[in-house]
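> Handing you a structure now.
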Amino acid sequence: MISQQLNPDSSLLDPLIEELTAIRSDMVRLEHRFQGELGLERQIYHRSARNLLHYVALRRHDVRSLQQKLAALGLSSLGRCEAHVMASIDSVLNLLHQLAGQSFTPPAEAAAVSFADGGELLAAHTEALFGKHSARRSVRIMVTVPTQAAEDYSFVRNLVGAGMDCMRINCAHDSPEHWGRMVTNLRKAEDETGRQCRIAMDLAGPKLRTGAMEPGPRVIKFRPKRDSLGFVTTPARVGLFPPDDDSGRSSGEPILPVARDWLAKLRLQDEVEFSDARGASRKLKVVEKCGAGFWTESRNTAYVTPGIELHLRRNDRSVGYVDTVVGDLPSLERRLTLKRGDILFLTRDPIPGVDASYDDGGNLLAHAHISCTLPEVFADVRAGERVWFDDGKIGGAIASVASDHLEIEITQAAGEGSKLGTDKGINLPDTAINLPALTAKDLEDLAFVVEHADAVGMSFVRSGEDVLRLHQEMERLGGEDLSLILKIETQQAIEKLPDLMLAAMRHQSCGIMIARGDLAVECGYERLAEVQEELLWFCEAAHMPVIWATQVLESLAKTGYPSRAEVTDAAMGERAECVMLNKGPHVAEAVRTLDNILRRMQDHQIKKTSMMRQLHVYPKLEGIAD
């Protein structure tokens, strides 16, 4: 027993013991309440579920003053108790009783999660979700793959070789045919590299987006790059391909569809002359053959529309018998221009969107309008609630609700106006949306996911009932062994987080993705840092692995150059069990960089605890301690 000479006055110790004992009683009461409702002892993660409830009970109290008093006594301030809440409380109570010269015997209850158990449970759950970690890095790396992963084996091979531990396929994009080729390429890369890589597939969920816009003109514009004096430094690259040939589409360069038999007559160094939509004489030089098509170069800006005649010249001579015309072209995407104070009508029916119209005097004739993909939300929205478009780039408030449209006053936009087009996200953070988290498309896609993936991601989950419904569908398809990842991306999900986690913990293996894109829009950018911290704490209390997602090393993945801020953000991801990268032309380099950052940081940080390994600093002071 601690020496009585060190005992503080009982007037200080007794209130601390009383306060901690009351908190402990609350923890036990909450556990007992949910014992019957959820059948905790029957859950696979019953010990973690109990610990989560203990943490929920603790965080219902404001213990900041208590923490300061405990720290002043040299005791634990409970600031890192997430993984072993009851054990931490009992440890502090035991020491307080000893300081007071009293004995302490915890009530006879089911054994709490010990200090050692907390870390072991999290490690076991993480391994169940992601597989064993590599010898050099404990935090896994997940990569969202683009369509290229279905067509380009070397792309997937490079990602696996760079350190990707989990390939994420977003079912909101591509098709089962594409997904199948992605899986095949990954399995081949595993065999070649000897590295194991899990597959996670996200169901799209009921994503609320803007509808189609009224089609724009069918025209393609291309122009060369010029220096400050107007001289061409890089000619424009233009493809000539048959209309049914998509081989050049992935390049992102402009493609002109032309007849296959005409292309068969082309030769390298030929020239193709035409008059563009403005009547300007233009010329394309054939420089490279690509399958059934060709790549050409232009040293002038041109606007090309369907039906424009193309004339072949070879060795400076016209070859008239092989003239052709440009085929059909996609319409340019129109976009609305919205400024602060503008009114936007969000329509229930799928009416093509159009911009606001004005007369010659600048007087408003009609407000801009655009439809939404889920008109069912009209039954849930109310006047005064906020609306965000396109990942928070445009904001507004619902001024009125009519049977066929919502009238929205724009309150947030760029100074000169912001652009809003088709298929852009819509967030309603103040609205209690009553939509099932599983759509008809999700149920169709789930059959493929169960057959090919290791984990399924649930998007826009809002309630425990949503999670249980997915459990039922997975069992129906024989996917009860499939791991489950809940994407936390709405205000409703934050508010019901413990319910969602307890429902997920009935499953074989589960984890949480902090989807910071939609989450920032829903809760506000100024609150994002606070919210993501809370999510990390609750997941550690549940011993549930976390995926740190959205815009990690985004500049590096897209441009090849990272920003300083995003490197710091990537380092913060070490407190999660997995960090997710999004697609980009330099994503393999981003994987290698993230691997390096995480390996360095794991020696310095474990969750909220700073680890004090030896630092080789201040060489002039070496030997002083000796």
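Labels for the structure tokens follow display order: chains A, B, ..., residues from 1 in each chain, ligands from 1.
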Can I get the residues of segment 484-555 of chain A within 7 Å of segment 376-396 of chain A, each with the closest pair of atoms and their distance in Å to one decimal, using only C-alpha atoms, sorted chain first then ascending number, as JSON lines?

{"residue": "A:Gly517", "atom": "CA", "partner": "A:Asp391", "partner_atom": "CA", "distance": 6.8}
{"residue": "A:Asp518", "atom": "CA", "partner": "A:Asp391", "partner_atom": "CA", "distance": 6.5}
{"residue": "A:Val521", "atom": "CA", "partner": "A:Gly392", "partner_atom": "CA", "distance": 5.4}
> Can those selected residues be exported to a file as a JSON list (two decimals), in the first residue's frame so that it contains C-alpha atoms?

[["chain", "number", "residue", "atom", "x", "y", "z"],
["A", 517, "GLY", "CA", -15.66, 14.38, -48.50],
["A", 518, "ASP", "CA", -19.40, 14.17, -47.88],
["A", 521, "VAL", "CA", -20.16, 19.04, -46.39]]
> List the neighbours of segment 57-59 of chain A out to 7 Å using only C-alpha atoms; skip same-chain residues closer than 5 positions along the sequence, and give me the result as an mmCIF file with N, CA and C atoms, in the first residue's frame.

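To be explicit, this is the file written out as part-v4.cif:
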data_model
loop_
_atom_site.group_PDB
_atom_site.id
_atom_site.type_symbol
_atom_site.label_atom_id
_atom_site.label_comp_id
_atom_site.auth_asym_id
_atom_site.auth_seq_id
_atom_site.Cartn_x
_atom_site.Cartn_y
_atom_site.Cartn_z
ATOM 1 N N ILE A 23 -19.609 7.455 -12.246
ATOM 2 C CA ILE A 23 -19.416 7.220 -13.677
ATOM 3 C C ILE A 23 -19.372 5.726 -13.968
ATOM 4 N N ASP A 26 -22.795 4.290 -14.033
ATOM 5 C CA ASP A 26 -23.476 4.609 -15.291
ATOM 6 C C ASP A 26 -23.045 3.647 -16.395
ATOM 7 N N MET A 27 -21.764 3.317 -16.431
ATOM 8 C CA MET A 27 -21.251 2.401 -17.444
ATOM 9 C C MET A 27 -21.909 1.030 -17.302
ATOM 10 N N LEU A 30 -25.674 1.174 -18.422
ATOM 11 C CA LEU A 30 -25.869 1.209 -19.872
ATOM 12 C C LEU A 30 -25.613 -0.162 -20.484
#
> Which neighbours of Gly74 of chain A fall inside 12 Å, counting only C-alpha atoms, when residues of the same chain fewer than 5 positions from it are skipped, and could you give them as a list of chain:residue names?
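Selected residues are A:Leu6, A:Pro8, A:Gln67, A:Gln68, A:Lys69, A:Val92, A:Leu95, A:Leu96, A:Leu99.
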> Under the rule that only C-alpha atoms are counted, which of A:Ala455, A:Ala557, A:Ile398, A:Ala112 is the nearest residue to Ile169 of chain A?
A:Ala455
> Would you mind listing, for every residue of segment 142-222 of chain A within 10 Å of segment 132-136 of chain A, the two atoms forming the shortest contact and the distance between them in Å to one decimal, using only C-alpha atoms, sorted by chain and ascending residue number, as JSON lines?

{"residue": "A:Gly163", "atom": "CA", "partner": "A:Ser134", "partner_atom": "CA", "distance": 9.3}
{"residue": "A:Asp165", "atom": "CA", "partner": "A:His133", "partner_atom": "CA", "distance": 8.4}
{"residue": "A:Arg195", "atom": "CA", "partner": "A:Ser134", "partner_atom": "CA", "distance": 9.3}
{"residue": "A:Gln196", "atom": "CA", "partner": "A:Lys132", "partner_atom": "CA", "distance": 8.9}
{"residue": "A:Cys197", "atom": "CA", "partner": "A:Lys132", "partner_atom": "CA", "distance": 10.0}
> Which of these residues is nearest to Val467 of chain A, using only C-alpha atoms: A:Leu502, A:Val579, A:Cys171, A:Ala453?
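Closest to Val467 of chain A of all the choices is A:Leu502.
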> Based on the backbone DSSP call, show me all residues of segment 301-537 of chain A assigned strand (DSSP E or B), as an NGL selection string.
:A and (302-304 or 309-314 or 317-318 or 324-325 or 336-338 or 343-347 or 353-354 or 357-358 or 364-366 or 368-372 or 386-389 or 394-401 or 405-412 or 418-420 or 425-427 or 455-458 or 483-488 or 510-515)
